[in-house]
>>> print(open('structure17.txt').read())   # compact mmCIF, C-alpha atoms and all ligand atoms
# COMPACT_ATOMS: atom_id res chain seq x y z
CA MET A 1 100.80 114.65 76.51
CA TYR A 2 102.34 111.20 76.40
CA VAL A 3 100.25 109.41 79.01
CA LYS A 4 96.85 110.70 79.97
CA TRP A 5 94.76 109.89 83.01
CA ASP A 6 91.29 108.45 82.58
CA ASP A 7 88.84 106.59 84.82
CA SER A 8 90.18 103.19 83.80
CA TYR A 9 93.11 103.96 86.13
CA SER A 10 91.01 104.93 89.14
CA ASN A 11 90.78 102.53 92.08
CA GLY A 12 88.45 104.78 94.05
CA ILE A 13 90.98 105.61 96.78
CA GLU A 14 91.50 109.33 96.48
CA ILE A 15 95.05 109.59 97.81
CA PHE A 16 96.28 106.88 95.47
CA ASP A 17 94.45 108.22 92.43
CA THR A 18 96.15 111.55 93.18
CA GLN A 19 99.54 109.91 93.52
CA HIS A 20 99.05 107.94 90.30
CA LYS A 21 98.24 111.19 88.50
CA GLY A 22 101.47 112.57 89.95
CA LEU A 23 103.39 109.61 88.52
CA PHE A 24 101.86 110.22 85.10
CA LYS A 25 102.95 113.85 85.28
CA LEU A 26 106.55 112.89 86.09
CA ILE A 27 106.58 110.32 83.28
CA ASN A 28 105.31 113.02 80.93
CA ASP A 29 108.04 115.39 82.15
CA LEU A 30 110.70 112.76 81.43
CA HIS A 31 109.21 112.00 78.03
CA ASP A 32 109.08 115.71 77.16
CA GLY A 33 112.70 116.11 78.23
CA ILE A 34 113.82 113.34 75.88
CA ARG A 35 111.69 114.65 73.00
CA GLU A 36 113.04 118.16 73.47
CA LYS A 37 116.59 116.75 73.65
CA LYS A 38 117.28 118.30 77.04
CA ASN A 39 120.75 117.86 78.46
CA ARG A 40 121.83 114.97 80.66
CA GLU A 41 121.54 117.00 83.83
CA ALA A 42 117.89 117.87 83.12
CA LEU A 43 117.05 114.27 82.20
CA GLY A 44 118.83 113.00 85.31
CA THR A 45 116.77 115.39 87.42
CA ALA A 46 113.53 114.20 85.79
CA LEU A 47 114.45 110.55 86.32
CA GLY A 48 115.46 111.25 89.93
CA ALA A 49 112.12 112.95 90.60
CA LEU A 50 110.26 109.96 89.15
CA MET A 51 112.28 107.54 91.29
CA GLU A 52 111.73 109.52 94.46
CA TYR A 53 107.99 109.89 93.92
CA THR A 54 107.66 106.22 92.99
CA ASN A 55 109.43 105.18 96.21
CA THR A 56 107.15 107.37 98.30
CA HIS A 57 104.04 106.17 96.51
CA PHE A 58 104.94 102.48 96.77
CA GLY A 59 105.72 102.92 100.46
CA ASP A 60 102.35 104.60 101.10
CA GLU A 61 100.48 101.85 99.25
CA GLU A 62 102.38 99.11 101.05
CA ASN A 63 101.64 100.68 104.45
CA ALA A 64 97.93 100.94 103.63
CA MET A 65 97.80 97.32 102.47
CA ARG A 66 99.82 96.02 105.41
CA ILE A 67 97.95 97.77 108.21
CA THR A 68 94.58 96.75 106.78
CA GLY A 69 95.61 93.11 106.33
CA TYR A 70 95.27 93.05 102.55
CA PRO A 71 95.74 89.43 101.40
CA GLY A 72 97.57 90.44 98.21
CA TYR A 73 100.13 92.54 100.06
CA GLU A 74 103.19 90.31 99.58
CA ASP A 75 102.63 89.73 95.86
CA HIS A 76 101.96 93.42 95.32
CA LYS A 77 105.10 94.40 97.17
CA THR A 78 107.12 91.96 95.05
CA GLN A 79 105.95 93.80 91.93
CA HIS A 80 106.97 97.13 93.45
CA VAL A 81 110.45 95.84 94.31
CA ALA A 82 110.92 94.54 90.76
CA PHE A 83 110.00 97.91 89.28
CA ILE A 84 112.23 99.86 91.66
CA THR A 85 115.10 97.52 90.82
CA GLN A 86 114.56 98.12 87.11
CA VAL A 87 114.41 101.91 87.45
CA SER A 88 117.41 101.99 89.80
CA ASP A 89 119.41 100.00 87.26
CA ILE A 90 118.48 102.49 84.52
CA ASN A 91 119.44 105.35 86.82
CA ASP A 92 122.80 103.78 87.69
CA ARG A 93 123.60 103.17 84.03
CA PHE A 94 122.55 106.68 83.08
CA ARG A 95 124.70 108.23 85.81
CA SER A 96 127.69 106.13 84.77
CA GLY A 97 127.50 107.74 81.33
CA GLU A 98 125.56 105.21 79.27
CA PRO A 99 123.11 106.77 76.80
CA VAL A 100 120.20 104.72 78.15
CA MET A 101 117.52 107.43 78.32
CA THR A 102 115.36 106.75 75.30
CA MET A 103 111.73 106.95 74.28
CA GLU A 104 111.70 103.14 74.15
CA LEU A 105 112.84 102.99 77.73
CA VAL A 106 110.21 105.45 78.92
CA GLY A 107 107.70 103.37 76.93
CA LEU A 108 108.65 100.28 78.92
CA LEU A 109 108.24 102.13 82.22
CA VAL A 110 104.90 103.55 81.16
CA ASN A 111 103.58 100.19 80.02
CA TRP A 112 104.57 98.61 83.30
CA LEU A 113 102.94 101.40 85.33
CA LYS A 114 99.74 101.49 83.28
CA ASN A 115 99.32 97.74 83.56
CA HIS A 116 100.13 97.76 87.28
CA ILE A 117 97.71 100.58 88.07
CA GLN A 118 94.90 99.08 85.99
CA THR A 119 95.21 95.60 87.51
CA VAL A 120 96.88 95.06 90.89
CA ASP A 121 96.34 98.64 92.12
CA ARG A 122 92.68 98.50 91.19
CA ALA A 123 92.39 95.16 92.98
CA TYR A 124 93.09 96.64 96.43
CA GLY A 125 90.47 99.40 95.99
CA PRO A 126 87.45 97.46 97.33
CA HIS A 127 89.49 96.11 100.25
CA LEU A 128 90.71 99.53 101.35
CA LYS A 129 87.22 101.00 100.87
CA ALA A 130 85.76 98.26 103.06
CA LYS A 131 88.36 99.19 105.69
CA GLY A 132 87.23 102.80 105.59
CA ALA A 133 89.90 104.33 103.35
FE1 LIG B 1 100.35 102.38 92.57
FE2 LIG B 1 101.16 99.48 93.35
O1 LIG B 1 101.59 101.10 92.67
>>> encode(input="structure17.txt", output="structure tokens")
Amino acid sequence: MYVKWDDSYSNGIEIFDTQHKGLFKLINDLHDGIREKKNREALGTALGALMEYTNTHFGDEENAMRITGYPGYEDHKTQHVAFITQVSDINDRFRSGEPVMTMELVGLLVNWLKNHIQTVDRAYGPHLKAKGA
């Protein structure tokens, strides 16, 4: 397993811990696909699944932060948009035929996600808990 969940990623909000575990699973699926040299169609499907789940997850987090008046909402959303832009660019390049799907690339995505989950995602935990999440 490429990336493994542990408590350092937990922010105490069950739905988001569950979604973060789901993101790790999709990253692992993509990583496995590259390692096993799966064809472009399979890799494209894995990347598409990761993009779709990431969009849903970011939207759910942003809604929770917005409706509870979280002060870090705008900055957090800016980070989400930057990540989505980066992954969309990779997806566009991949679908146009560029051989961009590499272990190094997945490593960059993983490092971003791990850092994001362990810092800014953990930061909203106490706020959402205080609001009854
Ligand atoms: Fe869990 Fe802010 O992404």
>>> closest_residue(input="structure17.txt", among="A:Tyr53, A:Gly59, A:Asp29, A:Ala64", to="Lys129 (chain A)", atoms="only C-alpha atoms")
A:Ala64
>>> residues_around(input="structure17.txt", residues="Ser10 (chain A)", least_positions_apart="6", cutoff="8 Å", atoms="only C-alpha atoms", output="PyMOL selection string")
chain A and resi 17+118+122
>>> write_last_selection(input="structure17.txt", atoms="C-alpha atoms", output="PDB file, in the frame of the given file")
ATOM      1  CA  ASP A  17      94.450 108.220  92.430  1.00  0.00           C
ATOM      2  CA  GLN A 118      94.900  99.080  85.990  1.00  0.00           C
ATOM      3  CA  ARG A 122      92.680  98.500  91.190  1.00  0.00           C
TER       4      ARG A 122
END
>>> residues_near_ligand(input="structure17.txt", ligand="ligand LIG 1 (chain B)", cutoff="8 Å", atoms="only C-alpha atoms and all ligand atoms", output="list in words")
Phe16, Gln19, His20, Thr54, His57, Phe58, Glu61, Glu62, His76, Lys77, Gln79, His80, Leu113, His116, Ile117, Val120 and Asp121 of chain A
>>> write_last_selection(input="structure17.txt", atoms="C-alpha atoms", output="compact mmCIF listing (two decimals), keeping the file's coordinate frame")
# COMPACT_ATOMS: atom_id res chain seq x y z
CA PHE A 16 96.28 106.88 95.47
CA GLN A 19 99.54 109.91 93.52
CA HIS A 20 99.05 107.94 90.30
CA THR A 54 107.66 106.22 92.99
CA HIS A 57 104.04 106.17 96.51
CA PHE A 58 104.94 102.48 96.77
CA GLU A 61 100.48 101.85 99.25
CA GLU A 62 102.38 99.11 101.05
CA HIS A 76 101.96 93.42 95.32
CA LYS A 77 105.10 94.40 97.17
CA GLN A 79 105.95 93.80 91.93
CA HIS A 80 106.97 97.13 93.45
CA LEU A 113 102.94 101.40 85.33
CA HIS A 116 100.13 97.76 87.28
CA ILE A 117 97.71 100.58 88.07
CA VAL A 120 96.88 95.06 90.89
CA ASP A 121 96.34 98.64 92.12
>>> closest_residue(input="structure17.txt", among="A:Asn39, A:Val110, A:Pro71, A:Gly44", to="Leu23 (chain A)", atoms="all atoms listed in the file")
A:Val110
>>> closest_residue(input="structure17.txt", among="A:Ala46, A:Arg93, A:Ile13, A:Asp60", to="Tyr124 (chain A)", atoms="only C-alpha atoms")
A:Ile13
>>> atom_distance(input="structure17.txt", atom1="CA of His127 (chain A)", atom2="CA of Ile84 (chain A)")
24.6 Å
>>> closest_residue(input="structure17.txt", among="A:Leu128, A:Ala133, A:Ala123, A:Val106", to="Arg35 (chain A)", atoms="only C-alpha atoms")
A:Val106
>>> closest_residue(input="structure17.txt", among="A:Glu41, A:Glu74, A:Ser88, A:Thr18", to="Leu109 (chain A)", atoms="all atoms listed in the file")
A:Ser88
>>> atom_distance(input="structure17.txt", atom1="CA of Asn11 (chain A)", atom2="CA of Asp32 (chain A)")
27.0 Å
>>> closest_residue(input="structure17.txt", among="A:Leu108, A:Met1, A:Leu26, A:Val100", to="Met51 (chain A)", atoms="all atoms listed in the file")
A:Leu26
>>> decode(input="structure17.txt", residues="region 7-35 of chain A", atoms="N, CA, C and O atoms", output="mmCIF file, in the first residue's frame")
data_model
loop_
_atom_site.group_PDB
_atom_site.id
_atom_site.type_symbol
_atom_site.label_atom_id
_atom_site.label_comp_id
_atom_site.auth_asym_id
_atom_site.auth_seq_id
_atom_site.Cartn_x
_atom_site.Cartn_y
_atom_site.Cartn_z
ATOM 1 N N ASP A 7 -3.613 7.949 12.563
ATOM 2 C CA ASP A 7 -4.337 8.978 13.325
ATOM 3 C C ASP A 7 -3.803 10.392 13.114
ATOM 4 O O ASP A 7 -4.497 11.362 13.436
ATOM 5 N N SER A 8 -2.598 10.506 12.569
ATOM 6 C CA SER A 8 -2.066 11.857 12.343
ATOM 7 C C SER A 8 -2.878 12.592 11.268
ATOM 8 O O SER A 8 -2.749 13.803 11.119
ATOM 9 N N TYR A 9 -3.718 11.841 10.527
ATOM 10 C CA TYR A 9 -4.536 12.466 9.488
ATOM 11 C C TYR A 9 -5.950 12.796 9.990
ATOM 12 O O TYR A 9 -6.713 13.462 9.297
ATOM 13 N N SER A 10 -6.297 12.305 11.166
ATOM 14 C CA SER A 10 -7.666 12.481 11.641
ATOM 15 C C SER A 10 -7.906 13.892 12.164
ATOM 16 O O SER A 10 -7.096 14.429 12.918
ATOM 17 N N ASN A 11 -9.042 14.477 11.757
ATOM 18 C CA ASN A 11 -9.409 15.780 12.331
ATOM 19 C C ASN A 11 -10.623 15.649 13.252
ATOM 20 O O ASN A 11 -11.181 16.652 13.684
ATOM 21 N N GLY A 12 -11.037 14.417 13.512
ATOM 22 C CA GLY A 12 -12.094 14.189 14.487
ATOM 23 C C GLY A 12 -13.503 14.355 13.945
ATOM 24 O O GLY A 12 -14.471 14.188 14.671
ATOM 25 N N ILE A 13 -13.622 14.701 12.666
ATOM 26 C CA ILE A 13 -14.948 14.840 12.051
ATOM 27 C C ILE A 13 -15.150 13.602 11.189
ATOM 28 O O ILE A 13 -14.489 13.431 10.153
ATOM 29 N N GLU A 14 -16.070 12.752 11.641
ATOM 30 C CA GLU A 14 -16.152 11.408 11.070
ATOM 31 C C GLU A 14 -16.336 11.399 9.550
ATOM 32 O O GLU A 14 -15.638 10.654 8.839
ATOM 33 N N ILE A 15 -17.243 12.214 9.064
ATOM 34 C CA ILE A 15 -17.508 12.176 7.607
ATOM 35 C C ILE A 15 -16.256 12.537 6.817
ATOM 36 O O ILE A 15 -15.974 11.948 5.766
ATOM 37 N N PHE A 16 -15.463 13.483 7.341
ATOM 38 C CA PHE A 16 -14.292 13.891 6.571
ATOM 39 C C PHE A 16 -13.123 12.919 6.745
ATOM 40 O O PHE A 16 -12.353 12.712 5.801
ATOM 41 N N ASP A 17 -13.021 12.307 7.906
ATOM 42 C CA ASP A 17 -12.021 11.238 8.033
ATOM 43 C C ASP A 17 -12.347 10.110 7.037
ATOM 44 O O ASP A 17 -11.462 9.559 6.381
ATOM 45 N N THR A 18 -13.627 9.785 6.934
ATOM 46 C CA THR A 18 -14.043 8.728 6.001
ATOM 47 C C THR A 18 -13.727 9.119 4.563
ATOM 48 O O THR A 18 -13.208 8.309 3.772
ATOM 49 N N GLN A 19 -14.016 10.373 4.223
ATOM 50 C CA GLN A 19 -13.736 10.809 2.852
ATOM 51 C C GLN A 19 -12.225 10.836 2.584
ATOM 52 O O GLN A 19 -11.773 10.498 1.484
ATOM 53 N N HIS A 20 -11.454 11.254 3.575
ATOM 54 C CA HIS A 20 -9.992 11.272 3.375
ATOM 55 C C HIS A 20 -9.460 9.843 3.171
ATOM 56 O O HIS A 20 -8.560 9.622 2.360
ATOM 57 N N LYS A 21 -10.016 8.902 3.903
ATOM 58 C CA LYS A 21 -9.619 7.497 3.686
ATOM 59 C C LYS A 21 -9.979 7.070 2.259
ATOM 60 O O LYS A 21 -9.236 6.325 1.608
ATOM 61 N N GLY A 22 -11.126 7.546 1.780
ATOM 62 C CA GLY A 22 -11.527 7.243 0.407
ATOM 63 C C GLY A 22 -10.541 7.825 -0.604
ATOM 64 O O GLY A 22 -10.211 7.171 -1.608
ATOM 65 N N LEU A 23 -10.056 9.032 -0.339
ATOM 66 C CA LEU A 23 -9.059 9.637 -1.233
ATOM 67 C C LEU A 23 -7.773 8.824 -1.236
ATOM 68 O O LEU A 23 -7.168 8.604 -2.291
ATOM 69 N N PHE A 24 -7.363 8.363 -0.071
ATOM 70 C CA PHE A 24 -6.148 7.540 0.003
ATOM 71 C C PHE A 24 -6.329 6.259 -0.823
ATOM 72 O O PHE A 24 -5.415 5.821 -1.510
ATOM 73 N N LYS A 25 -7.521 5.694 -0.744
ATOM 74 C CA LYS A 25 -7.757 4.451 -1.504
ATOM 75 C C LYS A 25 -7.634 4.714 -3.009
ATOM 76 O O LYS A 25 -7.008 3.928 -3.732
ATOM 77 N N LEU A 26 -8.201 5.825 -3.463
ATOM 78 C CA LEU A 26 -8.154 6.126 -4.900
ATOM 79 C C LEU A 26 -6.730 6.449 -5.353
ATOM 80 O O LEU A 26 -6.323 6.100 -6.468
ATOM 81 N N ILE A 27 -5.974 7.108 -4.483
ATOM 82 C CA ILE A 27 -4.555 7.372 -4.795
ATOM 83 C C ILE A 27 -3.813 6.029 -4.895
ATOM 84 O O ILE A 27 -2.991 5.827 -5.789
ATOM 85 N N ASN A 28 -4.105 5.132 -3.971
ATOM 86 C CA ASN A 28 -3.455 3.816 -4.010
ATOM 87 C C ASN A 28 -3.839 3.049 -5.278
ATOM 88 O O ASN A 28 -2.996 2.376 -5.882
ATOM 89 N N ASP A 29 -5.094 3.174 -5.682
ATOM 90 C CA ASP A 29 -5.537 2.507 -6.922
ATOM 91 C C ASP A 29 -4.752 3.041 -8.119
ATOM 92 O O ASP A 29 -4.309 2.268 -8.984
ATOM 93 N N LEU A 30 -4.587 4.367 -8.166
ATOM 94 C CA LEU A 30 -3.859 4.977 -9.283
ATOM 95 C C LEU A 30 -2.388 4.537 -9.258
ATOM 96 O O LEU A 30 -1.810 4.165 -10.285
ATOM 97 N N HIS A 31 -1.826 4.553 -8.077
ATOM 98 C CA HIS A 31 -0.429 4.138 -7.925
ATOM 99 C C HIS A 31 -0.245 2.679 -8.354
ATOM 100 O O HIS A 31 0.694 2.343 -9.078
ATOM 101 N N ASP A 32 -1.173 1.827 -7.921
ATOM 102 C CA ASP A 32 -1.100 0.400 -8.296
ATOM 103 C C ASP A 32 -1.189 0.242 -9.806
ATOM 104 O O ASP A 32 -0.478 -0.580 -10.403
ATOM 105 N N GLY A 33 -2.084 1.035 -10.423
ATOM 106 C CA GLY A 33 -2.268 0.948 -11.868
ATOM 107 C C GLY A 33 -0.992 1.287 -12.620
ATOM 108 O O GLY A 33 -0.646 0.634 -13.604
ATOM 109 N N ILE A 34 -0.284 2.307 -12.140
ATOM 110 C CA ILE A 34 0.978 2.692 -12.789
ATOM 111 C C ILE A 34 2.023 1.597 -12.570
ATOM 112 O O ILE A 34 2.722 1.177 -13.498
ATOM 113 N N ARG A 35 2.113 1.111 -11.329
ATOM 114 C CA ARG A 35 3.117 0.088 -11.011
ATOM 115 C C ARG A 35 2.884 -1.180 -11.821
ATOM 116 O O ARG A 35 3.836 -1.823 -12.279
#
